[in-house]
Amino acid sequence: MKKIAQGIVRLRKLILTVAVLLLIPSAIGAIATRINYDILTYLPQDLDSMIGEVALEDDFHLASTGMITVEGLPTNELIAMKKEIEAVPGVTQTFWLSDVIDPSIPTAMLPADVQQFMFGKNDSTMLIVRFDAPSASDETMEAVAQIEKLLRKDCFFGGMSVILQDTKALVNQEMPLYILIAVGASLLVLFLSLESTLTPLLFMLGLLFPIAYNFGTNIFLGQISYITEALATVLQLGVTMDFSIFLLHRYEEEKELRSTNEEAMVSAICKTMTSISASSLTTIAGFLALCAMRLTLGRDIGLVMAKGVALGVICTVVILPSLILTFDKWVEKYKHRTVIPRLTKLSYFVSKHSVPIVVVFILILIPFAIAQNKTSVYYTLFDSLPQDLTGIVGTNKLGEDFGMTTSHFILVHDDLTATQVSDLCDELKDVDGITQVVSLDSITGPGFDTELLPDNVMEILQSGGYKLILANSSYKTGTDAINSQLDEMIGLIKNVDPEGVITGEGAMTKDLIEVADVDFKNVNVWSIMAVLVIIAISFKSISIPVLLVASIEAAIAINMGIPYFTGTQLPFIASIVIGTIQLGATVDYSILMTTRYHEERAFGRTPKEAAQQSLEHCSQSILTSGLTFFAATVGVAAISKMELLRSICLLISRGALISMLVILVMLPAALMLCDWLIRHTTLKWMVPESANAKKSEKE
């Protein structure tokens, strides 16, 4: 490692030149990486709802649709608008009553099912817009944006395609603010905690490289979700800032012991690499645990963040030393007093009152641990968006005028007779909460020659070996009511056609709930096991990993229990990923504290003295890291209009503070009390590290 460190110091100018040049392909890769705004596409592809969704898209071209509620518009203007919409690139068809019959025919003469489906309250009617490409594609989103400009007064555009376009516009609008707030808040904390005015700027400049490389290399993943895009910069900044702080503090220590800055940096790189490697491995393992999710959104976030942490480590030991040495004169010139102190008084208090502290902590933890399992979670994705968005307003209007709060798309084989399909439709109408059921056979009735219908109508109702039945529900997606409704409908469908499927937002969200419940358990188990193994190997101990992970898990329980007492509902994704993120990102604090405690014990200090010294000397680094992580995420939580991102960032920021407090107050006390157990379950616990360090230096 020493030869590598010497090479880094010697070739620092070349390293900076190459690092800057690599920003060019990184920028190109970042721009070329596709962003996916549809979370439901991350569901396992073998689910019935996803099989049905593929059939809707490939055979019926209905997986990507929008519905326009038109109130009080004269027929001639409506038809003119319809033609304009059909001319928009990316639109397959705009379907209205005029595609089937003469619009001058009185409404009362139309079949009851058609009247109910095509005409609603407030003198309204409905246009169905079919798109060429999937809902989340760039082509469809561009088409939606153009259609919104063509709509007349009192026209409301709803459906998944519209909401995804709104989501894209909102994320693109807020992303620069996320980065600006995160960087600004982090700089403020660093200015208060670091002696040099220039150092925080060097840190941010150093983090620019791994963040840019991370986004650039995402192109090899094909695409990333908008959630990953929004969180990656903020999380990478907060998580990998620790590595920069560790390196700087070690460099400043070595400068007092070495004859030149270059020698000090070589020594700092060698000594920091060991601690950074252990810390980063736990963080990477935590993020990779998300790959255990069947909902592949977890893999999306996990891979990007694990890659980001790995790049952060590489850039910290390669690029940051080059920056520090290059600007060292200015770093020394512009110094000021730090505001964040060492917690000397707290260290003596904790070491004197270890038993009461642990007892009080356990008593506080119990109600939060119970509340954690009772925290309310919601799965309705639209609830996490601002309710004044065009797509949300349009979708709500469909529910108000047509009773289409949720639409179910049912696919049965086309070899079913017209009578069988009509009977199934009658049974579905009797299910609680179903407001409308429409199919080709229920409209035309048995014996009708379907060849008389226009091809564009037939494509909507029968294609690819399937017949389509549309059932509208008055129940909201993600609720117990609609899930029970779906269970009953699935039973009726399977009785008629064992291979029949039901899809749509309601069915996919139901599957999402069931998948997420399993994912939550899997992710927690895998993340805990991975971190336990890494800490066990690093410390050669059985008891230390249990103690450290238990400390962070206790902090997570407190964090996740707070929403229960405040009456706050959490989006399901937040409840799944927060535990892994908080564990992976803040377990570093406990490793730092325990490492210092180990050093103090190995040098002959008593458990009480070791706890006091470790807390006093580690407090400044932990406060700086924790407050930086808090600052980087709390600003996003404060400004984001998207409840999903706001909730995740609020949980992360609050979790950073809670973990920080637990490690600063409870962990030193617990290390004291468990010292006998640690000593008897850890290899070479009382052997001084200095002997090994000197031996490695000679070699």
# chains A, B, ... in the order shown; residues from 1 in each chain; ligands from 1
call {"tool": "residues_around", "arguments": {"residues": "Ile340 in chain A", "least_positions_apart": "4", "cutoff": "7 Å", "atoms": "only C-alpha atoms", "output": "list of chain:residue names"}}
result
A:Leu192, A:Ser193, A:Gln620
call {"tool": "select_by_dssp", "arguments": {"residues": "range 257-410 of chain A", "states": "helix (DSSP H, G or I)", "output": "number ranges by chain"}}
result
A: 261-292, 297-326, 328-333, 344-352, 354-372, 381-384, 390-402
call {"tool": "residues_around", "arguments": {"residues": "Gly391 in chain A", "least_positions_apart": "6", "cutoff": "12 Å", "atoms": "only C-alpha atoms", "output": "number ranges by chain"}}
result
A: 66-69, 141, 144-145, 148, 155-169, 382, 385, 397-398
call {"tool": "write_last_selection", "arguments": {"atoms": "C-alpha atoms", "output": "compact mmCIF listing (two decimals), in the first residue's frame"}}
result
# COMPACT_ATOMS: atom_id res chain seq x y z
CA GLY A 66 -54.82 8.73 -21.28
CA MET A 67 -58.42 9.73 -20.72
CA ILE A 68 -59.75 13.21 -21.27
CA THR A 69 -62.89 14.31 -19.44
CA MET A 141 -44.32 11.87 -22.38
CA VAL A 144 -48.71 14.11 -23.42
CA ALA A 145 -46.99 17.49 -23.16
CA GLU A 148 -52.00 19.37 -22.84
CA CYS A 155 -61.01 19.52 -20.38
CA PHE A 156 -59.20 17.36 -17.82
CA PHE A 157 -56.42 14.98 -18.86
CA GLY A 158 -55.92 11.96 -16.57
CA GLY A 159 -54.33 8.51 -16.49
CA MET A 160 -50.95 6.98 -15.72
CA SER A 161 -49.22 8.46 -18.78
CA VAL A 162 -50.17 11.99 -17.76
CA ILE A 163 -49.14 11.51 -14.14
CA LEU A 164 -45.75 10.14 -15.19
CA GLN A 165 -45.19 13.19 -17.40
CA ASP A 166 -46.08 15.43 -14.45
CA THR A 167 -43.65 13.48 -12.26
CA LYS A 168 -40.87 13.92 -14.80
CA ALA A 169 -41.47 17.67 -15.06
CA PHE A 382 -50.38 9.11 -6.56
CA LEU A 385 -47.46 13.66 -5.55
CA LYS A 397 -62.18 14.08 -12.43
CA LEU A 398 -62.66 10.64 -13.98
call {"tool": "residues_around", "arguments": {"residues": "range 3-10 of chain A", "least_positions_apart": "4", "cutoff": "9 Å", "atoms": "only C-alpha atoms", "output": "list of chain:residue names"}}
result
A:Ile15, A:Glu262, A:Glu263, A:Met265, A:Val266, A:Ser267, A:Ala268, A:Ile269, A:Cys270, A:Val317, A:Val318, A:Ile319, A:Pro321, A:Ser322, A:Leu325
call {"tool": "write_last_selection", "arguments": {"atoms": "N, CA and C atoms", "output": "mmCIF file, in the first residue's frame"}}
result
data_model
loop_
_atom_site.group_PDB
_atom_site.id
_atom_site.type_symbol
_atom_site.label_atom_id
_atom_site.label_comp_id
_atom_site.auth_asym_id
_atom_site.auth_seq_id
_atom_site.Cartn_x
_atom_site.Cartn_y
_atom_site.Cartn_z
ATOM 1 N N ILE A 15 -2.666 12.733 -12.086
ATOM 2 C CA ILE A 15 -3.936 12.205 -11.576
ATOM 3 C C ILE A 15 -5.045 13.240 -11.715
ATOM 4 N N GLU A 262 4.554 15.651 1.744
ATOM 5 C CA GLU A 262 4.416 14.471 0.900
ATOM 6 C C GLU A 262 4.502 13.192 1.731
ATOM 7 N N GLU A 263 5.484 13.152 2.650
ATOM 8 C CA GLU A 263 5.613 11.986 3.524
ATOM 9 C C GLU A 263 4.387 11.833 4.423
ATOM 10 N N MET A 265 1.372 12.767 3.732
ATOM 11 C CA MET A 265 0.238 12.289 2.948
ATOM 12 C C MET A 265 0.359 10.802 2.645
ATOM 13 N N VAL A 266 1.573 10.340 2.349
ATOM 14 C CA VAL A 266 1.780 8.908 2.108
ATOM 15 C C VAL A 266 1.353 8.115 3.335
ATOM 16 N N SER A 267 1.795 8.569 4.500
ATOM 17 C CA SER A 267 1.438 7.877 5.743
ATOM 18 C C SER A 267 -0.069 7.959 5.998
ATOM 19 N N ALA A 268 -0.676 9.117 5.712
ATOM 20 C CA ALA A 268 -2.115 9.299 5.937
ATOM 21 C C ALA A 268 -2.930 8.374 5.038
ATOM 22 N N ILE A 269 -2.499 8.237 3.778
ATOM 23 C CA ILE A 269 -3.211 7.346 2.846
ATOM 24 C C ILE A 269 -3.137 5.907 3.339
ATOM 25 N N CYS A 270 -1.939 5.470 3.745
ATOM 26 C CA CYS A 270 -1.770 4.087 4.198
ATOM 27 C C CYS A 270 -2.632 3.794 5.416
ATOM 28 N N VAL A 317 -8.872 8.377 -1.825
ATOM 29 C CA VAL A 317 -7.460 8.024 -1.625
ATOM 30 C C VAL A 317 -6.595 8.343 -2.845
ATOM 31 N N VAL A 318 -7.220 8.718 -3.965
ATOM 32 C CA VAL A 318 -6.436 9.011 -5.172
ATOM 33 C C VAL A 318 -6.507 10.489 -5.546
ATOM 34 N N ILE A 319 -7.720 11.024 -5.651
ATOM 35 C CA ILE A 319 -7.878 12.402 -6.138
ATOM 36 C C ILE A 319 -7.787 13.427 -5.011
ATOM 37 N N PRO A 321 -6.147 13.448 -2.085
ATOM 38 C CA PRO A 321 -4.775 13.792 -1.671
ATOM 39 C C PRO A 321 -4.087 14.741 -2.653
ATOM 40 N N SER A 322 -4.335 14.538 -3.921
ATOM 41 C CA SER A 322 -3.742 15.423 -4.929
ATOM 42 C C SER A 322 -4.254 16.851 -4.763
ATOM 43 N N LEU A 325 -2.711 18.418 -1.412
ATOM 44 C CA LEU A 325 -1.303 18.799 -1.563
ATOM 45 C C LEU A 325 -1.146 20.004 -2.488
#
call {"tool": "residues_around", "arguments": {"residues": "Leu150 in chain A", "least_positions_apart": "2", "cutoff": "9 Å", "atoms": "only C-alpha atoms", "output": "list in words"}}
result
Met81, Glu84, Ile85, Gln146, Ile147, Glu148 and Arg152 of chain A
call {"tool": "closest_residue", "arguments": {"among": "A:Gly584, A:Pro25, A:Pro563, A:Gly403", "to": "Phe209 in chain A", "atoms": "only C-alpha atoms"}}
result
A:Pro25
call {"tool": "residues_around", "arguments": {"residues": "Lys476 in chain A", "least_positions_apart": "5", "cutoff": "10 Å", "atoms": "only C-alpha atoms", "output": "VMD selection string"}}
result
chain A and resid 380 399 404 to 407 433 481 to 483 506
call {"tool": "atom_distance", "arguments": {"atom1": "CA of Lys333 in chain A", "atom2": "CA of Val183 in chain A"}}
result
23.7 Å
call {"tool": "select_by_dssp", "arguments": {"residues": "range 503-619 of chain A", "states": "strand (DSSP E or B)", "output": "list in words"}}
result
Thr503, Ser541, Leu570 and Pro571 of chain A
call {"tool": "residues_around", "arguments": {"residues": "Gly222 in chain A", "least_positions_apart": "2", "cutoff": "10 Å", "atoms": "only C-alpha atoms", "output": "JSON, numbers by chain"}}
result
{"A": [32, 33, 34, 35, 217, 218, 219, 220, 224]}
call {"tool": "atom_distance", "arguments": {"atom1": "CA of Ile535 in chain A", "atom2": "CA of Thr594 in chain A"}}
result
10.8 Å
call {"tool": "closest_atom_pairs", "arguments": {"of": "range 557-579 of chain A", "to": "range 518-530 of chain A", "cutoff": "10 Å", "atoms": "only C-alpha atoms", "output": "CSV"}}
result
residue,atom,partner,partner_atom,distance
A:Phe572,CA,A:Phe520,CA,9.3
A:Ile573,CA,A:Phe520,CA,9.2
A:Ser575,CA,A:Phe520,CA,7.7
A:Ile576,CA,A:Phe520,CA,5.0
A:Val577,CA,A:Val523,CA,8.0
A:Ile578,CA,A:Asn524,CA,9.9
A:Gly579,CA,A:Asn524,CA,7.0
call {"tool": "write_last_selection", "arguments": {"atoms": "N, CA, C and O atoms", "output": "PDB file, in the first residue's frame"}}
result
ATOM      1  N   PHE A 572     -44.517   3.280   1.171  1.00  0.00           N
ATOM      2  CA  PHE A 572     -43.974   1.942   1.407  1.00  0.00           C
ATOM      3  C   PHE A 572     -42.485   1.845   1.085  1.00  0.00           C
ATOM      4  O   PHE A 572     -41.741   1.119   1.749  1.00  0.00           O
ATOM      5  N   ILE A 573     -42.022   2.564   0.059  1.00  0.00           N
ATOM      6  CA  ILE A 573     -40.613   2.475  -0.329  1.00  0.00           C
ATOM      7  C   ILE A 573     -39.724   2.993   0.799  1.00  0.00           C
ATOM      8  O   ILE A 573     -38.675   2.416   1.104  1.00  0.00           O
ATOM      9  N   SER A 575     -40.294   2.899   3.975  1.00  0.00           N
ATOM     10  CA  SER A 575     -40.236   1.928   5.072  1.00  0.00           C
ATOM     11  C   SER A 575     -39.303   0.760   4.748  1.00  0.00           C
ATOM     12  O   SER A 575     -38.739   0.145   5.650  1.00  0.00           O
ATOM     13  N   ILE A 576     -39.129   0.458   3.467  1.00  0.00           N
ATOM     14  CA  ILE A 576     -38.253  -0.653   3.075  1.00  0.00           C
ATOM     15  C   ILE A 576     -36.783  -0.234   3.070  1.00  0.00           C
ATOM     16  O   ILE A 576     -35.921  -0.920   3.614  1.00  0.00           O
ATOM     17  N   VAL A 577     -36.481   0.912   2.478  1.00  0.00           N
ATOM     18  CA  VAL A 577     -35.080   1.265   2.237  1.00  0.00           C
ATOM     19  C   VAL A 577     -34.418   2.001   3.396  1.00  0.00           C
ATOM     20  O   VAL A 577     -33.194   1.990   3.512  1.00  0.00           O
ATOM     21  N   ILE A 578     -35.211   2.628   4.283  1.00  0.00           N
ATOM     22  CA  ILE A 578     -34.592   3.483   5.293  1.00  0.00           C
ATOM     23  C   ILE A 578     -33.712   2.685   6.246  1.00  0.00           C
ATOM     24  O   ILE A 578     -32.631   3.130   6.647  1.00  0.00           O
ATOM     25  N   GLY A 579     -34.163   1.481   6.635  1.00  0.00           N
ATOM     26  CA  GLY A 579     -33.374   0.686   7.563  1.00  0.00           C
ATOM     27  C   GLY A 579     -32.003   0.357   7.000  1.00  0.00           C
ATOM     28  O   GLY A 579     -30.976   0.484   7.686  1.00  0.00           O
TER      29      GLY A 579
END
call {"tool": "atom_distance", "arguments": {"atom1": "CA of Glu174 in chain A", "atom2": "CA of Val393 in chain A"}}
result
20.7 Å
